[in-house]
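Novice: Sharing structure-v1.csv, CSV, N, CA and C atoms:
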```csv
chain,number,residue,atom,x,y,z
A,1256,MET,N,7.2,-18.6,-38.1
A,1256,MET,CA,7.1,-17.8,-36.9
A,1256,MET,C,8.5,-17.1,-36.7
A,1257,ASN,N,8.4,-15.8,-36.5
A,1257,ASN,CA,9.6,-15.0,-36.3
A,1257,ASN,C,9.6,-14.5,-34.8
A,1258,ILE,N,10.7,-14.8,-34.2
A,1258,ILE,CA,10.9,-14.5,-32.8
A,1258,ILE,C,11.8,-13.3,-32.7
A,1259,ASP,N,11.4,-12.2,-32.0
A,1259,ASP,CA,12.2,-11.0,-31.7
A,1259,ASP,C,13.1,-11.3,-30.5
A,1260,TRP,N,14.3,-11.8,-30.8
A,1260,TRP,CA,15.2,-12.2,-29.7
A,1260,TRP,C,15.6,-11.0,-28.8
A,1261,ALA,N,15.7,-9.8,-29.4
A,1261,ALA,CA,16.1,-8.7,-28.6
A,1261,ALA,C,15.0,-8.3,-27.6
A,1262,ALA,N,13.8,-8.4,-28.0
A,1262,ALA,CA,12.7,-8.1,-27.1
A,1262,ALA,C,12.6,-9.2,-26.0
A,1263,LEU,N,12.8,-10.4,-26.4
A,1263,LEU,CA,12.8,-11.5,-25.4
A,1263,LEU,C,13.9,-11.4,-24.4
A,1264,ALA,N,15.1,-11.0,-24.9
A,1264,ALA,CA,16.2,-10.8,-23.9
A,1264,ALA,C,16.0,-9.6,-23.0
A,1265,SER,N,15.3,-8.6,-23.6
A,1265,SER,CA,15.0,-7.4,-22.8
A,1265,SER,C,14.0,-7.7,-21.7
A,1266,VAL,N,13.0,-8.5,-22.0
A,1266,VAL,CA,12.0,-8.9,-21.0
A,1266,VAL,C,12.6,-9.8,-19.9
A,1267,PHE,N,13.5,-10.7,-20.4
A,1267,PHE,CA,14.2,-11.6,-19.4
A,1267,PHE,C,15.1,-10.8,-18.5
A,1268,GLY,N,15.8,-9.8,-19.0
A,1268,GLY,CA,16.7,-9.0,-18.2
A,1268,GLY,C,16.0,-8.2,-17.2
A,1269,VAL,N,14.9,-7.5,-17.6
A,1269,VAL,CA,14.1,-6.7,-16.7
A,1269,VAL,C,13.5,-7.5,-15.6
A,1270,SER,N,12.9,-8.7,-16.0
A,1270,SER,CA,12.3,-9.5,-15.0
A,1270,SER,C,13.3,-10.1,-14.0
A,1271,LEU,N,14.5,-10.4,-14.5
A,1271,LEU,CA,15.5,-10.9,-13.6
A,1271,LEU,C,16.0,-9.8,-12.6
A,1272,VAL,N,16.1,-8.6,-13.1
A,1272,VAL,CA,16.6,-7.5,-12.2
A,1272,VAL,C,15.5,-7.2,-11.2
A,1273,ILE,N,14.2,-7.1,-11.6
A,1273,ILE,CA,13.1,-6.8,-10.7
A,1273,ILE,C,12.9,-8.0,-9.7
A,1274,THR,N,13.1,-9.2,-10.1
A,1274,THR,CA,13.0,-10.3,-9.2
A,1274,THR,C,14.1,-10.3,-8.1
A,1275,VAL,N,15.3,-10.0,-8.5
A,1275,VAL,CA,16.4,-9.9,-7.5
A,1275,VAL,C,16.2,-8.7,-6.6
A,1276,ALA,N,15.7,-7.6,-7.1
A,1276,ALA,CA,15.4,-6.5,-6.2
A,1276,ALA,C,14.3,-6.7,-5.2
A,1277,LEU,N,13.2,-7.4,-5.7
A,1277,LEU,CA,12.2,-7.7,-4.7
A,1277,LEU,C,12.6,-8.7,-3.7
A,1278,VAL,N,13.3,-9.7,-4.0
A,1278,VAL,CA,13.8,-10.7,-3.1
A,1278,VAL,C,14.8,-10.0,-2.1
A,1279,GLY,N,15.6,-9.1,-2.6
A,1279,GLY,CA,16.5,-8.3,-1.7
A,1279,GLY,C,15.7,-7.4,-0.7
A,1280,LEU,N,14.7,-6.7,-1.2
A,1280,LEU,CA,13.9,-5.9,-0.3
A,1280,LEU,C,13.2,-6.7,0.7
A,1281,PHE,N,12.6,-7.9,0.3
A,1281,PHE,CA,12.0,-8.7,1.3
A,1281,PHE,C,12.9,-9.3,2.3
A,1282,THR,N,14.1,-9.6,1.9
A,1282,THR,CA,15.2,-10.1,2.8
A,1282,THR,C,15.6,-9.0,3.8
A,1283,LEU,N,15.7,-7.8,3.3
A,1283,LEU,CA,16.0,-6.7,4.2
A,1283,LEU,C,14.9,-6.5,5.2
A,1284,GLY,N,13.6,-6.6,4.8
A,1284,GLY,CA,12.5,-6.5,5.8
A,1284,GLY,C,12.6,-7.6,6.8
A,1285,ILE,N,12.8,-8.8,6.4
A,1285,ILE,CA,12.9,-9.9,7.4
A,1285,ILE,C,14.1,-9.7,8.3
A,1286,THR,N,15.2,-9.3,7.8
A,1286,THR,CA,16.4,-9.0,8.6
A,1286,THR,C,16.1,-7.9,9.6
A,1287,GLY,N,15.4,-6.8,9.2
A,1287,GLY,CA,15.0,-5.7,10.0
A,1287,GLY,C,14.1,-6.2,11.2
A,1288,LEU,N,13.2,-7.0,10.9
A,1288,LEU,CA,12.3,-7.5,11.9
A,1288,LEU,C,13.1,-8.4,12.9
A,1289,ALA,N,14.0,-9.2,12.4
A,1289,ALA,CA,14.8,-10.1,13.3
A,1289,ALA,C,15.7,-9.3,14.1
A,1290,ARG,N,16.3,-8.2,13.6
A,1290,ARG,CA,17.2,-7.3,14.4
A,1290,ARG,C,16.4,-6.6,15.4
A,1291,GLN,N,15.1,-6.2,15.1
A,1291,GLN,CA,14.3,-5.5,16.0
A,1291,GLN,C,14.0,-6.3,17.2
A,1292,THR,N,13.7,-7.6,17.1
A,1292,THR,CA,13.4,-8.5,18.2
A,1292,THR,C,14.7,-8.9,19.0
A,1293,SER,N,15.8,-8.8,18.4
A,1293,SER,CA,17.0,-9.2,19.1
A,1293,SER,C,17.6,-8.0,19.9
A,1294,THR,N,17.2,-6.8,19.6
A,1294,THR,CA,17.6,-5.6,20.4
A,1294,THR,C,16.6,-5.4,21.5
A,1295,SER,N,17.0,-4.5,22.4
A,1295,SER,CA,16.1,-4.2,23.5
A,1295,SER,C,14.9,-3.5,23.0
A,1296,GLN,N,13.7,-3.7,23.6
A,1296,GLN,CA,12.5,-3.2,23.1
A,1296,GLN,C,12.4,-1.6,23.2
A,1297,GLY,N,13.0,-1.0,24.1
A,1297,GLY,CA,12.9,0.4,24.2
A,1297,GLY,C,13.9,1.2,23.5
A,1298,SER,N,14.9,0.6,22.8
A,1298,SER,CA,15.9,1.4,22.1
A,1298,SER,C,15.5,2.0,20.8
A,1299,GLY,N,16.2,3.0,20.4
A,1299,GLY,CA,15.8,3.7,19.2
A,1299,GLY,C,16.2,2.8,18.0
A,1300,ALA,N,17.3,2.0,18.1
A,1300,ALA,CA,17.7,1.2,17.0
A,1300,ALA,C,16.6,0.1,16.7
A,1301,GLY,N,15.9,-0.4,17.7
A,1301,GLY,CA,14.9,-1.4,17.4
A,1301,GLY,C,13.7,-0.7,16.7
A,1302,ALA,N,13.4,0.5,17.0
A,1302,ALA,CA,12.3,1.2,16.4
A,1302,ALA,C,12.7,1.5,14.9
A,1303,LEU,N,13.9,1.9,14.7
A,1303,LEU,CA,14.4,2.2,13.4
A,1303,LEU,C,14.4,1.0,12.5
A,1304,ALA,N,14.8,-0.2,13.1
A,1304,ALA,CA,14.9,-1.4,12.3
A,1304,ALA,C,13.4,-1.8,11.9
A,1305,ARG,N,12.5,-1.7,12.9
A,1305,ARG,CA,11.1,-2.0,12.6
A,1305,ARG,C,10.5,-1.1,11.5
A,1306,THR,N,10.8,0.2,11.6
A,1306,THR,CA,10.3,1.1,10.6
A,1306,THR,C,10.9,0.8,9.2
A,1307,GLY,N,12.2,0.5,9.2
A,1307,GLY,CA,12.8,0.1,7.9
A,1307,GLY,C,12.3,-1.2,7.3
A,1308,ALA,N,12.0,-2.1,8.2
A,1308,ALA,CA,11.4,-3.4,7.7
A,1308,ALA,C,10.0,-3.2,7.1
A,1309,TYR,N,9.2,-2.3,7.8
A,1309,TYR,CA,7.9,-2.0,7.3
A,1309,TYR,C,8.0,-1.3,6.0
A,1310,ALA,N,8.9,-0.4,5.8
A,1310,ALA,CA,9.1,0.3,4.6
A,1310,ALA,C,9.5,-0.7,3.4
A,1311,CYS,N,10.4,-1.6,3.7
A,1311,CYS,CA,10.7,-2.6,2.7
A,1311,CYS,C,9.5,-3.5,2.3
A,1312,PHE,N,8.7,-3.9,3.3
A,1312,PHE,CA,7.5,-4.7,3.0
A,1312,PHE,C,6.5,-3.8,2.2
A,1313,ALA,N,6.4,-2.5,2.5
A,1313,ALA,CA,5.5,-1.7,1.7
A,1313,ALA,C,6.0,-1.5,0.3
A,1314,LEU,N,7.3,-1.4,0.1
A,1314,LEU,CA,7.8,-1.3,-1.3
A,1314,LEU,C,7.6,-2.6,-2.1
A,1315,CYS,N,7.7,-3.7,-1.4
A,1315,CYS,CA,7.4,-5.0,-2.0
A,1315,CYS,C,6.0,-5.1,-2.4
A,1316,ALA,N,5.1,-4.7,-1.5
A,1316,ALA,CA,3.6,-4.7,-1.8
A,1316,ALA,C,3.3,-3.8,-3.0
A,1317,ALA,N,3.9,-2.6,-3.0
A,1317,ALA,CA,3.7,-1.7,-4.1
A,1317,ALA,C,4.1,-2.2,-5.4
A,1318,ALA,N,5.3,-2.9,-5.4
A,1318,ALA,CA,5.8,-3.5,-6.7
A,1318,ALA,C,4.9,-4.6,-7.2
A,1319,VAL,N,4.4,-5.4,-6.3
A,1319,VAL,CA,3.5,-6.5,-6.6
A,1319,VAL,C,2.2,-5.9,-7.1
A,1320,ALA,N,1.6,-4.9,-6.5
A,1320,ALA,CA,0.4,-4.3,-6.9
A,1320,ALA,C,0.5,-3.6,-8.3
A,1321,TYR,N,1.7,-3.0,-8.5
A,1321,TYR,CA,1.9,-2.4,-9.8
A,1321,TYR,C,2.0,-3.5,-10.9
A,1322,GLY,N,2.6,-4.6,-10.6
A,1322,GLY,CA,2.7,-5.7,-11.6
A,1322,GLY,C,1.3,-6.2,-11.9
A,1323,ILE,N,0.5,-6.4,-10.9
A,1323,ILE,CA,-0.9,-6.8,-11.1
A,1323,ILE,C,-1.6,-5.8,-11.9
A,1324,TYR,N,-1.4,-4.5,-11.6
A,1324,TYR,CA,-2.1,-3.5,-12.4
A,1324,TYR,C,-1.7,-3.6,-13.9
A,1325,LEU,N,-0.4,-3.8,-14.2
A,1325,LEU,CA,0.1,-3.9,-15.5
A,1325,LEU,C,-0.5,-5.1,-16.3
A,1326,ILE,N,-0.7,-6.2,-15.5
A,1326,ILE,CA,-1.3,-7.4,-16.2
A,1326,ILE,C,-2.8,-7.1,-16.5
A,1327,VAL,N,-3.5,-6.5,-15.5
A,1327,VAL,CA,-5.0,-6.4,-15.7
A,1327,VAL,C,-5.3,-5.3,-16.6
A,1328,ALA,N,-4.6,-4.1,-16.5
A,1328,ALA,CA,-5.0,-3.0,-17.4
A,1328,ALA,C,-4.5,-3.1,-18.8
```
With the file now loaded, output its structure as structure tokens.

Specialist:
Amino acid sequence: MNIDWAALASVFGVSLVITVALVGLFTLGITGLARQTSTSQGSGAGALARTGAYACFALCAAAVAYGIYLIVA
């Protein structure tokens, strides 16, 4: 059995970077929702934080959907 170590390292590196990026996006979304609830309900900063949080969650969902697409197709 011959193992292609360069390909294995490449897959490991890409999966590590994508995992860290997804966790970071999800963390930003959670932080945005927490910041939105801590500010006053009528302020523009609260609406901006909520919109940013939803954008982060949408990007996370899109990345997960793309990963599932790559596995299935």

Novice: How many Å separate atom C of Ile1323 in chain A from CA of Trp1260 in chain A?

Specialist: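 Interatomic distance here is 25.3 Å.
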
Novice: Using only C-alpha atoms, find the one residue out of A:Leu1325, A:Leu1283, A:Val1275, A:Ile1258 that sits nearest to Ala1313 in chain A.

Specialist: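 For Ala1313 in chain A, the nearest of the given residues is A:Leu1283.
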
Novice: So what do you get for atom N of Tyr1321 in chain A versus atom N of Leu1271 in chain A, distance-wise?

Specialist: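 For atom N of Tyr1321 in chain A relative to atom N of Leu1271 in chain A, the distance reads 16.0 Å.
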
Novice: Can you work out which one of A:Ala1320, A:Leu1314, A:Met1256, A:Ala1308 has the shortest atom-to-atom distance to Leu1277 in chain A, counting all atoms listed in the file?

Specialist: A:Leu1314

Novice: Can you work out the spacing between CA of Ala1276 in chain A and CA of Leu1263 in chain A in Å, to one decimal?

Specialist: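 Distance reported for this atom pair: 20.0 Å.
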
Novice: Counting all atoms listed in the file, what is within 8 Å of Cys1311 in chain A, bar same-chain residues fewer than 6 positions away, as a list in words?

Specialist: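 Non-adjacent residues within range: Gly1279, Leu1280, Phe1281, Thr1282, Leu1283, Gly1284, Ile1285, Arg1305 and Ala1317 of chain A.
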
Novice: Out of A:Ala1261, A:Val1266, A:Ala1304, A:Val1278, which residue has the shortest atom-to-atom distance to Arg1290 in chain A when counting all atoms listed in the file?

Specialist: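 Under the stated criterion, the closest residue is A:Ala1304.
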
Novice: Of the candidates A:Ile1326, A:Val1269, A:Ala1262, A:Leu1288, which shows the shortest atom-to-atom distance to Tyr1309 in chain A, using all atoms listed in the file?

Specialist: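 Checking each of A:Ile1326, A:Val1269, A:Ala1262, A:Leu1288 against Tyr1309 in chain A, counting all atoms listed in the file, the winner is A:Leu1288.
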
Novice: Between A:Leu1303, A:Ala1264, A:Ala1289, A:Ile1273, which one has atoms that come closest to Cys1315 in chain A, using only C-alpha atoms?

Specialist: A:Ile1273
